[in-house]
$ cat model_6.pdb   # PDB, C-alpha atoms and all ligand atoms
ATOM      1  CA  MET V   1     -20.425 -16.732  -0.403
ATOM      2  CA  SER V   2     -18.170 -14.158  -2.008
ATOM      3  CA  LYS V   3     -15.906 -12.116   0.193
ATOM      4  CA  ALA V   4     -16.682  -8.384   0.546
ATOM      5  CA  PHE V   5     -14.418  -6.211  -1.637
ATOM      6  CA  ALA V   6     -11.161  -5.102  -0.013
ATOM      7  CA  SER V   7     -12.029  -3.743   3.465
ATOM      8  CA  GLN V   8     -15.691  -2.854   2.904
ATOM      9  CA  ALA V   9     -16.658  -5.256   5.714
ATOM     10  CA  ASP V  10     -14.040  -3.916   8.150
ATOM     11  CA  LEU V  11     -16.088  -1.735  10.487
ATOM     12  CA  ALA V  12     -14.523  -2.297  13.910
ATOM     13  CA  GLN V  13     -13.112   0.886  15.441
ATOM     14  CA  LYS V  14      -9.453   0.779  16.448
ATOM     15  CA  LYS V  15      -7.892   1.811  19.710
ATOM     16  CA  ILE V  16      -5.601   4.808  19.195
ATOM     17  CA  THR V  17      -2.361   5.187  21.126
ATOM     18  CA  PHE V  18      -0.492   8.492  21.407
ATOM     19  CA  GLU V  19       2.870   7.821  22.985
ATOM     20  CA  GLN V  20       6.105   9.690  23.563
ATOM     21  CA  LEU V  21       9.211   8.011  22.101
ATOM     22  CA  SER V  22      11.906  10.579  22.936
ATOM     23  CA  ALA V  23      12.264  14.177  24.146
ATOM     24  CA  HIS V  24      10.510  15.613  21.051
ATOM     25  CA  CYS V  25       9.042  12.625  19.157
ATOM     26  CA  TRP V  26       5.598  11.045  19.442
ATOM     27  CA  ALA V  27       3.770   8.157  17.769
ATOM     28  CA  TYR V  28       0.061   8.117  16.911
ATOM     29  CA  THR V  29      -0.708   4.468  16.184
ATOM     30  CA  ALA V  30      -3.948   2.656  15.590
ATOM     31  CA  GLU V  31      -3.822  -1.162  15.705
ATOM     32  CA  GLY V  32      -2.946  -1.632  12.043
ATOM     33  CA  ASP V  33      -4.704   1.478  10.680
ATOM     34  CA  PRO V  34      -2.408   4.159   9.167
ATOM     35  CA  ASN V  35      -0.090   5.743  11.750
ATOM     36  CA  SER V  36       1.154   9.305  12.059
ATOM     37  CA  GLY V  37       4.208  10.724  13.773
ATOM     38  CA  VAL V  38       4.587  14.031  15.594
ATOM     39  CA  ILE V  39       7.737  16.048  16.297
ATOM     40  CA  ILE V  40       7.262  18.854  18.801
ATOM     41  CA  GLY V  41       9.808  21.660  18.931
ATOM     42  CA  GLU V  42       9.919  24.868  20.969
ATOM     43  CA  ASN V  43       8.745  26.918  17.978
ATOM     44  CA  ALA V  44       6.879  24.550  15.705
ATOM     45  CA  ILE V  45       5.392  21.078  15.292
ATOM     46  CA  LEU V  46       5.719  18.707  12.325
ATOM     47  CA  VAL V  47       3.155  15.977  11.665
ATOM     48  CA  SER V  48       4.269  13.066   9.504
ATOM     49  CA  ASP V  49       1.278  11.811   7.516
ATOM     50  CA  ALA V  50      -1.931  13.754   7.580
ATOM     51  CA  THR V  51      -4.459  10.864   8.087
ATOM     52  CA  ALA V  52      -7.326  10.013   5.722
ATOM     53  CA  THR V  53      -9.816  12.780   6.505
ATOM     54  CA  PRO V  54     -10.032  16.177   8.230
ATOM     55  CA  ALA V  55     -12.123  14.517  10.983
ATOM     56  CA  LEU V  56      -9.377  11.989  11.739
ATOM     57  CA  ALA V  57      -6.790  14.754  11.556
ATOM     58  CA  ARG V  58      -8.745  16.753  14.151
ATOM     59  CA  ASP V  59      -8.556  13.745  16.466
ATOM     60  CA  LEU V  60      -4.782  13.726  16.076
ATOM     61  CA  ILE V  61      -4.632  17.500  16.589
ATOM     62  CA  ALA V  62      -6.640  17.099  19.817
ATOM     63  CA  LYS V  63      -4.078  14.542  21.027
ATOM     64  CA  ILE V  64      -1.259  16.962  20.217
ATOM     65  CA  ARG V  65      -3.047  19.732  22.132
ATOM     66  CA  THR V  66      -2.983  17.617  25.298
ATOM     67  CA  VAL V  67       0.821  17.980  25.311
ATOM     68  CA  SER V  68       1.668  21.168  23.375
ATOM     69  CA  ASP V  69       0.168  24.484  22.289
ATOM     70  CA  LYS V  70       2.924  25.232  19.720
ATOM     71  CA  PRO V  71       1.850  25.886  16.113
ATOM     72  CA  ILE V  72       1.586  22.873  13.792
ATOM     73  CA  LYS V  73       3.599  24.423  10.998
ATOM     74  CA  TYR V  74       4.625  21.455   8.842
ATOM     75  CA  VAL V  75       2.766  18.444   7.442
ATOM     76  CA  LEU V  76       4.889  15.793   5.749
ATOM     77  CA  LEU V  77       3.291  13.437   3.228
ATOM     78  CA  THR V  78       5.498  10.311   3.266
ATOM     79  CA  HIS V  79       3.833   9.301  -0.031
ATOM     80  CA  TYR V  80       0.763  10.027  -2.147
ATOM     81  CA  HIS V  81      -1.755   7.443  -0.841
ATOM     82  CA  ALA V  82      -5.153   8.925   0.049
ATOM     83  CA  VAL V  83      -5.219   7.446   3.580
ATOM     84  CA  ARG V  84      -2.069   9.464   4.308
ATOM     85  CA  VAL V  85      -2.820  12.801   2.709
ATOM     86  CA  LEU V  86      -6.517  13.724   2.568
ATOM     87  CA  GLY V  87      -6.699  14.978   6.161
ATOM     88  CA  ALA V  88      -4.297  17.822   5.321
ATOM     89  CA  SER V  89      -6.898  20.605   5.146
ATOM     90  CA  ALA V  90      -7.506  20.270   8.902
ATOM     91  CA  TYR V  91      -3.917  21.344   9.586
ATOM     92  CA  LYS V  92      -4.238  24.274   7.207
ATOM     93  CA  ALA V  93      -7.306  25.355   9.211
ATOM     94  CA  GLU V  94      -5.055  25.090  12.286
ATOM     95  CA  GLY V  95      -2.455  27.376  10.665
ATOM     96  CA  ALA V  96      -0.032  24.929   8.983
ATOM     97  CA  THR V  97       1.983  26.744   6.345
ATOM     98  CA  GLU V  98       3.922  23.987   4.580
ATOM     99  CA  ILE V  99       2.802  20.669   3.109
ATOM    100  CA  ILE V 100       5.988  18.741   2.362
ATOM    101  CA  ALA V 101       6.468  15.921  -0.162
ATOM    102  CA  SER V 102       9.223  14.529  -2.350
ATOM    103  CA  LYS V 103       9.523  15.245  -6.074
ATOM    104  CA  GLY V 104       8.577  11.598  -6.755
ATOM    105  CA  THR V 105       5.414  11.979  -4.682
ATOM    106  CA  LEU V 106       4.468  15.244  -6.405
ATOM    107  CA  ASP V 107       4.838  13.491  -9.793
ATOM    108  CA  LEU V 108       2.657  10.607  -8.617
ATOM    109  CA  ILE V 109      -0.077  12.965  -7.363
ATOM    110  CA  HIS V 110      -0.137  14.546 -10.831
ATOM    111  CA  GLU V 111      -0.109  11.174 -12.553
ATOM    112  CA  ARG V 112      -2.548   9.135 -10.412
ATOM    113  CA  GLY V 113      -3.709  11.077  -7.352
ATOM    114  CA  ALA V 114      -7.300  11.419  -8.540
ATOM    115  CA  GLN V 115      -7.697   7.731  -9.428
ATOM    116  CA  ASP V 116      -6.060   6.696  -6.168
ATOM    117  CA  MET V 117      -8.408   8.861  -4.108
ATOM    118  CA  LYS V 118     -11.520   7.280  -5.632
ATOM    119  CA  SER V 119     -10.120   3.772  -5.458
ATOM    120  CA  GLU V 120      -8.974   4.020  -1.826
ATOM    121  CA  MET V 121     -12.274   5.493  -0.652
ATOM    122  CA  GLU V 122     -14.131   2.494  -2.073
ATOM    123  CA  ARG V 123     -11.632   0.002  -0.683
ATOM    124  CA  PHE V 124     -11.827   1.171   2.909
ATOM    125  CA  PRO V 125     -15.017   3.129   3.736
ATOM    126  CA  ARG V 126     -14.404   3.071   7.513
ATOM    127  CA  LEU V 127     -11.212   5.110   7.144
ATOM    128  CA  PHE V 128     -12.957   7.705   5.002
ATOM    129  CA  GLN V 129     -15.928   8.537   7.238
ATOM    130  CA  GLY V 130     -16.518  12.259   6.805
ATOM    131  CA  ALA V 131     -14.747  12.309   3.437
ATOM    132  CA  GLU V 132     -17.307  14.822   2.101
ATOM    133  CA  GLU V 133     -15.229  17.443   3.944
ATOM    134  CA  VAL V 134     -12.121  16.675   1.842
ATOM    135  CA  PRO V 135     -11.622  19.680  -0.452
ATOM    136  CA  GLY V 136      -9.822  17.652  -3.154
ATOM    137  CA  LEU V 137      -6.307  16.392  -3.717
ATOM    138  CA  THR V 138      -3.576  17.522  -1.327
ATOM    139  CA  TRP V 139      -0.775  19.421  -3.092
ATOM    140  CA  PRO V 140       2.640  19.980  -1.531
ATOM    141  CA  THR V 141       3.933  23.514  -1.046
ATOM    142  CA  LEU V 142       7.511  22.413  -0.310
ATOM    143  CA  VAL V 143       9.079  19.770  -2.562
ATOM    144  CA  VAL V 144      12.062  17.716  -1.360
ATOM    145  CA  GLY V 145      14.843  16.611  -3.713
ATOM    146  CA  ASP V 146      14.817  16.102  -7.459
ATOM    147  CA  GLY V 147      13.465  12.538  -7.569
ATOM    148  CA  GLN V 148      16.854  10.880  -7.131
ATOM    149  CA  PRO V 149      17.195   8.733  -4.011
ATOM    150  CA  GLY V 150      19.634   9.582  -1.253
ATOM    151  CA  ARG V 151      20.297  11.815   1.685
ATOM    152  CA  GLN V 152      22.153  14.377  -0.431
ATOM    153  CA  GLY V 153      18.708  15.581  -1.518
ATOM    154  CA  SER V 154      17.442  16.099   2.024
ATOM    155  CA  ILE V 155      16.029  19.205   3.658
ATOM    156  CA  ARG V 156      16.569  20.042   7.343
ATOM    157  CA  LEU V 157      14.055  21.924   9.433
ATOM    158  CA  ASP V 158      14.666  23.607  12.768
ATOM    159  CA  LEU V 159      11.569  23.197  14.955
ATOM    160  CA  GLY V 160      13.256  24.885  17.925
ATOM    161  CA  GLY V 161      15.526  22.696  20.036
ATOM    162  CA  VAL V 162      15.100  19.830  17.596
ATOM    163  CA  TRP V 163      16.091  19.366  13.952
ATOM    164  CA  VAL V 164      14.331  17.042  11.538
ATOM    165  CA  GLU V 165      15.812  15.795   8.275
ATOM    166  CA  ILE V 166      13.583  14.693   5.379
ATOM    167  CA  TRP V 167      14.599  12.794   2.248
ATOM    168  CA  HIS V 168      13.669  10.091  -0.273
ATOM    169  CA  PRO V 169      15.785   7.028   0.593
ATOM    170  CA  GLY V 170      14.783   5.023  -2.489
ATOM    171  CA  PRO V 171      11.824   3.312  -4.127
ATOM    172  CA  GLY V 172       9.830   0.746  -2.168
ATOM    173  CA  HIS V 173       6.180   1.130  -1.185
ATOM    174  CA  THR V 174       5.942   3.786  -3.938
ATOM    175  CA  ARG V 175       8.391   5.641  -6.172
ATOM    176  CA  GLY V 176       8.333   8.709  -3.923
ATOM    177  CA  ASP V 177       8.610   7.355  -0.360
ATOM    178  CA  THR V 178      10.018   9.881   2.079
ATOM    179  CA  VAL V 179      11.236   9.554   5.658
ATOM    180  CA  ALA V 180      11.644  11.977   8.563
ATOM    181  CA  TRP V 181      14.625  11.449  10.861
ATOM    182  CA  VAL V 182      15.467  13.099  14.168
ATOM    183  CA  GLU V 183      19.127  12.192  14.318
ATOM    184  CA  ALA V 184      19.836  13.605  17.795
ATOM    185  CA  GLU V 185      17.174  11.291  19.247
ATOM    186  CA  LYS V 186      17.573   8.495  16.671
ATOM    187  CA  VAL V 187      13.862   8.375  15.863
ATOM    188  CA  LEU V 188      12.695   7.442  12.354
ATOM    189  CA  PHE V 189       9.287   8.110  10.779
ATOM    190  CA  SER V 190       9.134   5.695   7.851
ATOM    191  CA  GLY V 191       5.645   5.886   6.384
ATOM    192  CA  ASP V 192       4.667   2.629   4.649
ATOM    193  CA  LEU V 193       8.255   1.757   3.729
ATOM    194  CA  VAL V 194       8.241  -0.168   7.018
ATOM    195  CA  GLU V 195       5.323  -1.991   8.666
ATOM    196  CA  TYR V 196       5.050  -4.302  11.635
ATOM    197  CA  GLU V 197       2.526  -7.098  12.212
ATOM    198  CA  ALA V 198       0.231  -5.536   9.642
ATOM    199  CA  GLY V 199      -0.273  -6.115   5.932
ATOM    200  CA  VAL V 200       2.429  -4.617   3.731
ATOM    201  CA  TYR V 201       0.491  -3.066   0.860
ATOM    202  CA  THR V 202       2.547  -3.346  -2.328
ATOM    203  CA  GLY V 203      -0.021  -2.537  -5.019
ATOM    204  CA  ASP V 204       2.061   0.456  -6.186
ATOM    205  CA  ALA V 205       5.454  -0.851  -5.151
ATOM    206  CA  HIS V 206       8.885  -1.437  -6.600
ATOM    207  CA  LEU V 207       9.473  -4.826  -5.014
ATOM    208  CA  LEU V 208      12.909  -5.577  -6.392
ATOM    209  CA  GLU V 209      14.352  -2.256  -5.192
ATOM    210  CA  TRP V 210      12.560  -2.160  -1.830
ATOM    211  CA  PRO V 211      15.023  -4.338   0.184
ATOM    212  CA  ALA V 212      17.957  -2.018  -0.639
ATOM    213  CA  THR V 213      15.905   0.938   0.591
ATOM    214  CA  LEU V 214      15.213  -0.935   3.846
ATOM    215  CA  GLU V 215      18.949  -1.525   4.262
ATOM    216  CA  ALA V 216      19.596   2.209   3.804
ATOM    217  CA  LEU V 217      17.200   2.783   6.703
ATOM    218  CA  ARG V 218      18.832   0.051   8.793
ATOM    219  CA  ALA V 219      22.173   1.852   8.391
ATOM    220  CA  LEU V 220      20.741   4.813  10.344
ATOM    221  CA  ASN V 221      20.801   2.646  13.494
ATOM    222  CA  ALA V 222      17.521   4.079  14.746
ATOM    223  CA  GLU V 223      16.543   3.582  18.367
ATOM    224  CA  ALA V 224      12.828   3.988  17.625
ATOM    225  CA  ILE V 225      10.587   3.875  14.579
ATOM    226  CA  VAL V 226       7.033   4.871  13.804
ATOM    227  CA  PRO V 227       6.139   2.441  11.010
ATOM    228  CA  GLY V 228       3.314   3.080   8.544
ATOM    229  CA  ARG V 229       1.149   0.501  10.280
ATOM    230  CA  GLY V 230       1.565  -1.421  13.520
ATOM    231  CA  VAL V 231       2.958  -0.420  16.899
ATOM    232  CA  ALA V 232       5.886   1.960  17.352
ATOM    233  CA  MET V 233       9.089  -0.015  17.916
ATOM    234  CA  LYS V 234      11.523   0.982  20.667
ATOM    235  CA  GLY V 235      15.178  -0.065  20.863
ATOM    236  CA  ASN V 236      17.457  -0.862  17.922
ATOM    237  CA  ALA V 237      16.694  -4.593  18.031
ATOM    238  CA  GLN V 238      12.961  -3.908  17.718
ATOM    239  CA  VAL V 239      13.542  -1.409  14.906
ATOM    240  CA  ASN V 240      15.471  -4.104  13.049
ATOM    241  CA  ARG V 241      12.658  -6.530  13.715
ATOM    242  CA  SER V 242      10.240  -4.289  11.818
ATOM    243  CA  LEU V 243      12.749  -3.919   8.952
ATOM    244  CA  ASP V 244      13.161  -7.726   8.830
ATOM    245  CA  TYR V 245       9.404  -8.237   8.925
ATOM    246  CA  THR V 246       8.868  -5.900   5.960
ATOM    247  CA  ARG V 247      11.791  -7.340   4.023
ATOM    248  CA  GLN V 248      10.550 -10.890   4.497
ATOM    249  CA  TRP V 249       7.070  -9.971   3.202
ATOM    250  CA  VAL V 250       8.423  -8.125   0.173
ATOM    251  CA  GLN V 251      10.917 -10.829  -0.789
ATOM    252  CA  MET V 252       8.607 -13.782  -0.218
ATOM    253  CA  LEU V 253       5.895 -12.116  -2.275
ATOM    254  CA  TYR V 254       8.237 -11.305  -5.147
ATOM    255  CA  GLN V 255       9.819 -14.770  -5.170
ATOM    256  CA  CYS V 256       6.355 -16.328  -5.404
ATOM    257  CA  ALA V 257       5.537 -14.074  -8.350
ATOM    258  CA  GLN V 258       8.792 -14.970 -10.098
ATOM    259  CA  GLU V 259       8.026 -18.648  -9.590
ATOM    260  CA  ALA V 260       4.507 -18.173 -10.964
ATOM    261  CA  VAL V 261       5.841 -16.405 -14.057
ATOM    262  CA  ALA V 262       8.485 -19.126 -14.571
ATOM    263  CA  GLN V 263       5.748 -21.763 -14.362
ATOM    264  CA  LYS V 264       3.622 -19.721 -16.827
ATOM    265  CA  LEU V 265       0.751 -19.498 -14.329
ATOM    266  CA  ASP V 266      -1.995 -16.889 -14.668
ATOM    267  CA  LEU V 267      -2.793 -14.331 -11.924
ATOM    268  CA  LYS V 268      -5.098 -16.764 -10.151
ATOM    269  CA  GLY V 269      -2.379 -19.401 -10.170
ATOM    270  CA  ALA V 270       0.073 -16.861  -8.789
ATOM    271  CA  MET V 271      -2.406 -16.091  -6.012
ATOM    272  CA  SER V 272      -2.695 -19.725  -4.868
ATOM    273  CA  LEU V 273       1.053 -20.246  -5.052
ATOM    274  CA  THR V 274       1.581 -17.101  -2.944
ATOM    275  CA  ARG V 275      -1.088 -18.106  -0.429
ATOM    276  CA  GLU V 276       0.614 -21.449   0.132
ATOM    277  CA  LYS V 277       3.821 -19.674   1.173
ATOM    278  CA  MET V 278       2.507 -16.516   2.831
ATOM    279  CA  ASP V 279      -0.697 -17.553   4.648
ATOM    280  CA  PRO V 280       1.160 -19.610   7.290
ATOM    281  CA  VAL V 281       3.641 -16.778   7.990
ATOM    282  CA  PHE V 282       1.513 -13.640   7.645
ATOM    283  CA  GLY V 283      -2.132 -14.788   7.531
ATOM    284  CA  HIS V 284      -2.841 -13.578  11.089
ATOM    285  CA  VAL V 285      -1.781  -9.919  10.733
ATOM    286  CA  PHE V 286      -4.017  -6.835  10.314
ATOM    287  CA  ILE V 287      -5.368  -6.241   6.758
ATOM    288  CA  TYR V 288      -3.618  -9.323   5.299
ATOM    289  CA  GLU V 289      -6.681 -10.291   3.258
ATOM    290  CA  HIS V 290      -7.118  -6.691   2.114
ATOM    291  CA  CYS V 291      -3.547  -6.417   0.836
ATOM    292  CA  LEU V 292      -2.898  -9.791  -0.724
ATOM    293  CA  PRO V 293      -4.873  -9.516  -4.001
ATOM    294  CA  PHE V 294      -3.373  -6.083  -4.771
ATOM    295  CA  ASP V 295       0.068  -7.297  -3.725
ATOM    296  CA  VAL V 296      -0.006 -10.417  -5.868
ATOM    297  CA  SER V 297      -1.263  -8.378  -8.854
ATOM    298  CA  ARG V 298       1.631  -5.940  -8.612
ATOM    299  CA  ALA V 299       4.236  -8.639  -7.880
ATOM    300  CA  PHE V 300       3.016 -10.639 -10.869
ATOM    301  CA  ASP V 301       3.241  -7.520 -13.080
ATOM    302  CA  GLU V 302       6.740  -6.658 -11.881
ATOM    303  CA  ALA V 303       7.972 -10.242 -12.286
ATOM    304  CA  SER V 304       6.497 -10.142 -15.811
ATOM    305  CA  GLY V 305       8.598  -7.085 -16.679
ATOM    306  CA  ILE V 306       6.168  -4.210 -15.996
ATOM    307  CA  LYS V 307       8.461  -1.693 -14.304
ATOM    308  CA  ASN V 308       6.056   1.164 -13.605
ATOM    309  CA  PRO V 309       3.100   0.077 -11.420
ATOM    310  CA  ARG V 310      -0.152   0.229 -13.365
ATOM    311  CA  ILE V 311      -2.648   2.787 -12.053
ATOM    312  CA  TRP V 312      -5.422   1.369  -9.883
ATOM    313  CA  THR V 313      -8.861   2.714 -10.671
ATOM    314  CA  ALA V 314     -12.100   1.850  -8.871
ATOM    315  CA  GLU V 315     -12.994  -0.263 -11.945
ATOM    316  CA  ARG V 316      -9.675  -2.109 -12.095
ATOM    317  CA  ASP V 317      -9.959  -2.815  -8.354
ATOM    318  CA  GLN V 318     -13.293  -4.574  -8.849
ATOM    319  CA  GLU V 319     -12.219  -6.526 -11.928
ATOM    320  CA  MET V 320      -9.124  -7.822 -10.172
ATOM    321  CA  TRP V 321     -11.040  -8.709  -7.007
ATOM    322  CA  VAL V 322     -13.716 -10.641  -8.871
ATOM    323  CA  SER V 323     -11.161 -12.507 -11.004
ATOM    324  CA  LEU V 324      -9.190 -13.610  -7.940
ATOM    325  CA  GLN V 325     -12.153 -14.650  -5.774
ATOM    326  CA  ALA V 326     -14.041 -16.447  -8.572
TER     327      ALA V 326
HETATM  328 ZN    ZN V 401       0.664   3.685   1.415
END
$ encode --input "model_6.pdb" --output "structure tokens" --more "lines below"
Ligand SMILES: [Zn+2]
Amino acid sequence: MSKAFASQADLAQKKITFEQLSAHCWAYTAEGDPNSGVIIGENAILVSDATATPALARDLIAKIRTVSDKPIKYVLLTHYHAVRVLGASAYKAEGATEIIASKGTLDLIHERGAQDMKSEMERFPRLFQGAEEVPGLTWPTLVVGDGQPGRQGSIRLDLGGVWVEIWHPGPGHTRGDTVAWVEAEKVLFSGDLVEYEAGVYTGDAHLLEWPATLEALRALNAEAIVPGRGVAMKGNAQVNRSLDYTRQWVQMLYQCAQEAVAQKLDLKGAMSLTREKMDPVFGHVFIYEHCLPFDVSRAFDEASGIKNPRIWTAERDQEMWVSLQA
């Protein structure tokens, strides 16, 4: 029997946890589904990653309202993926005035936002329940940096009693990944640059450059992190564990692809070679089976010399899936 495409058969609801990590920082995590972070100041609130739909965003807003009645002024998009950005209109309805994204992310929304939206909705229907409410693509109103990586391009926002710094630390999960950092409390909101015990989706990634970006994050010496997926990690040793986990996935995947290219294997051959190495280490984590075909496709492309990730469309998704399961 053929396996259902991507996560079309994944219908089990996840348990959501809303937990306080420090004086002003909160984690909204969901057993391997996309996480969000919340920073609550005396004057304003920032939400890092908008969730997939306005309905999901309203659930997060309700959680915030159990602990604060301050205005949600800022929404940060850590990158362009639909599951992170399409809930944004719910915050606008709540009075949010700024949607923040990096220059790299803005460019990617222009280049491939529409294709990504269609493709992601078909890959993971459960996450997009209520998607008919989405008014279209989410466009940033405040753009961070000029596309070059590094903290020199950061912006700093005063939320009242707490400052948050936002910048693009380097390519990894996408070309525009952006982090939020509350230095005074040493809490990092990484988006999908860092995951823990969940699939590391690399379909749009820059695998060779990703480890250096992870090391730039390690140098912050965070005491807590809200990863893109998986539980929030508390204590520097646990933060490093999530960085190591992500780095191991990215490097193992890319090494397998390099080996496949060296052996002149086709994509299917690359898939079996990768499975041999990665299944025993990562096969048990959330959305592993969802990620792997997209990951191997991108790793194989990058190892073959294709620098800019090819755009996924709903049609390309299906073609790839069928060719790898056949
Ligand atoms: Zn993503």
$ residues_near_ligand --input "model_6.pdb" --ligand "ligand ZN 401 (chain V)" --cutoff "12 Å" --atoms "all atoms listed in the file" --output "count of residues only"
43
$ resolve_selection --input "model_6.pdb" --expression "the PyMOL selection byres (((chain V and resi 161) around 7) and not hetatm)" --output "mmCIF file with C-alpha atoms, keeping the file's coordinate frame"
data_model
loop_
_atom_site.group_PDB
_atom_site.id
_atom_site.type_symbol
_atom_site.label_atom_id
_atom_site.label_comp_id
_atom_site.auth_asym_id
_atom_site.auth_seq_id
_atom_site.Cartn_x
_atom_site.Cartn_y
_atom_site.Cartn_z
ATOM 1 C CA GLY V 41 9.808 21.660 18.931
ATOM 2 C CA GLU V 42 9.919 24.868 20.969
ATOM 3 C CA LEU V 159 11.569 23.197 14.955
ATOM 4 C CA GLY V 160 13.256 24.885 17.925
ATOM 5 C CA VAL V 162 15.100 19.830 17.596
ATOM 6 C CA TRP V 163 16.091 19.366 13.952
#
$ closest_atom_pairs --input "model_6.pdb" --of "region 260-289 of chain V" --to "region 307-320 of chain V" --cutoff "12 Å" --atoms "only C-alpha atoms" --output "JSON lines"
{"residue": "V:Leu267", "atom": "CA", "partner": "V:Met320", "partner_atom": "CA", "distance": 9.2}
{"residue": "V:Lys268", "atom": "CA", "partner": "V:Met320", "partner_atom": "CA", "distance": 9.8}
{"residue": "V:Met271", "atom": "CA", "partner": "V:Met320", "partner_atom": "CA", "distance": 11.4}
$ residues_near_point --input "model_6.pdb" --point "(-4.0, -9.9, 11.2)" --cutoff "12 Å" --atoms "all atoms listed in the file" --output "JSON list (two decimals) with C-alpha atoms, in the frame of the given file"
[["chain", "number", "residue", "atom", "x", "y", "z"],
["V", 31, "GLU", "CA", -3.82, -1.16, 15.70],
["V", 32, "GLY", "CA", -2.95, -1.63, 12.04],
["V", 33, "ASP", "CA", -4.70, 1.48, 10.68],
["V", 196, "TYR", "CA", 5.05, -4.30, 11.64],
["V", 197, "GLU", "CA", 2.53, -7.10, 12.21],
["V", 198, "ALA", "CA", 0.23, -5.54, 9.64],
["V", 199, "GLY", "CA", -0.27, -6.12, 5.93],
["V", 200, "VAL", "CA", 2.43, -4.62, 3.73],
["V", 229, "ARG", "CA", 1.15, 0.50, 10.28],
["V", 230, "GLY", "CA", 1.56, -1.42, 13.52],
["V", 279, "ASP", "CA", -0.70, -17.55, 4.65],
["V", 280, "PRO", "CA", 1.16, -19.61, 7.29],
["V", 281, "VAL", "CA", 3.64, -16.78, 7.99],
["V", 282, "PHE", "CA", 1.51, -13.64, 7.64],
["V", 283, "GLY", "CA", -2.13, -14.79, 7.53],
["V", 284, "HIS", "CA", -2.84, -13.58, 11.09],
["V", 285, "VAL", "CA", -1.78, -9.92, 10.73],
["V", 286, "PHE", "CA", -4.02, -6.84, 10.31],
["V", 287, "ILE", "CA", -5.37, -6.24, 6.76],
["V", 288, "TYR", "CA", -3.62, -9.32, 5.30],
["V", 289, "GLU", "CA", -6.68, -10.29, 3.26],
["V", 290, "HIS", "CA", -7.12, -6.69, 2.11],
["V", 291, "CYS", "CA", -3.55, -6.42, 0.84],
["V", 292, "LEU", "CA", -2.90, -9.79, -0.72]]
$ closest_residue --input "model_6.pdb" --among "V:Val38, V:Asp146, V:Lys63, V:Ala44" --to "Asp107 (chain V)" --atoms "all atoms listed in the file"
V:Asp146
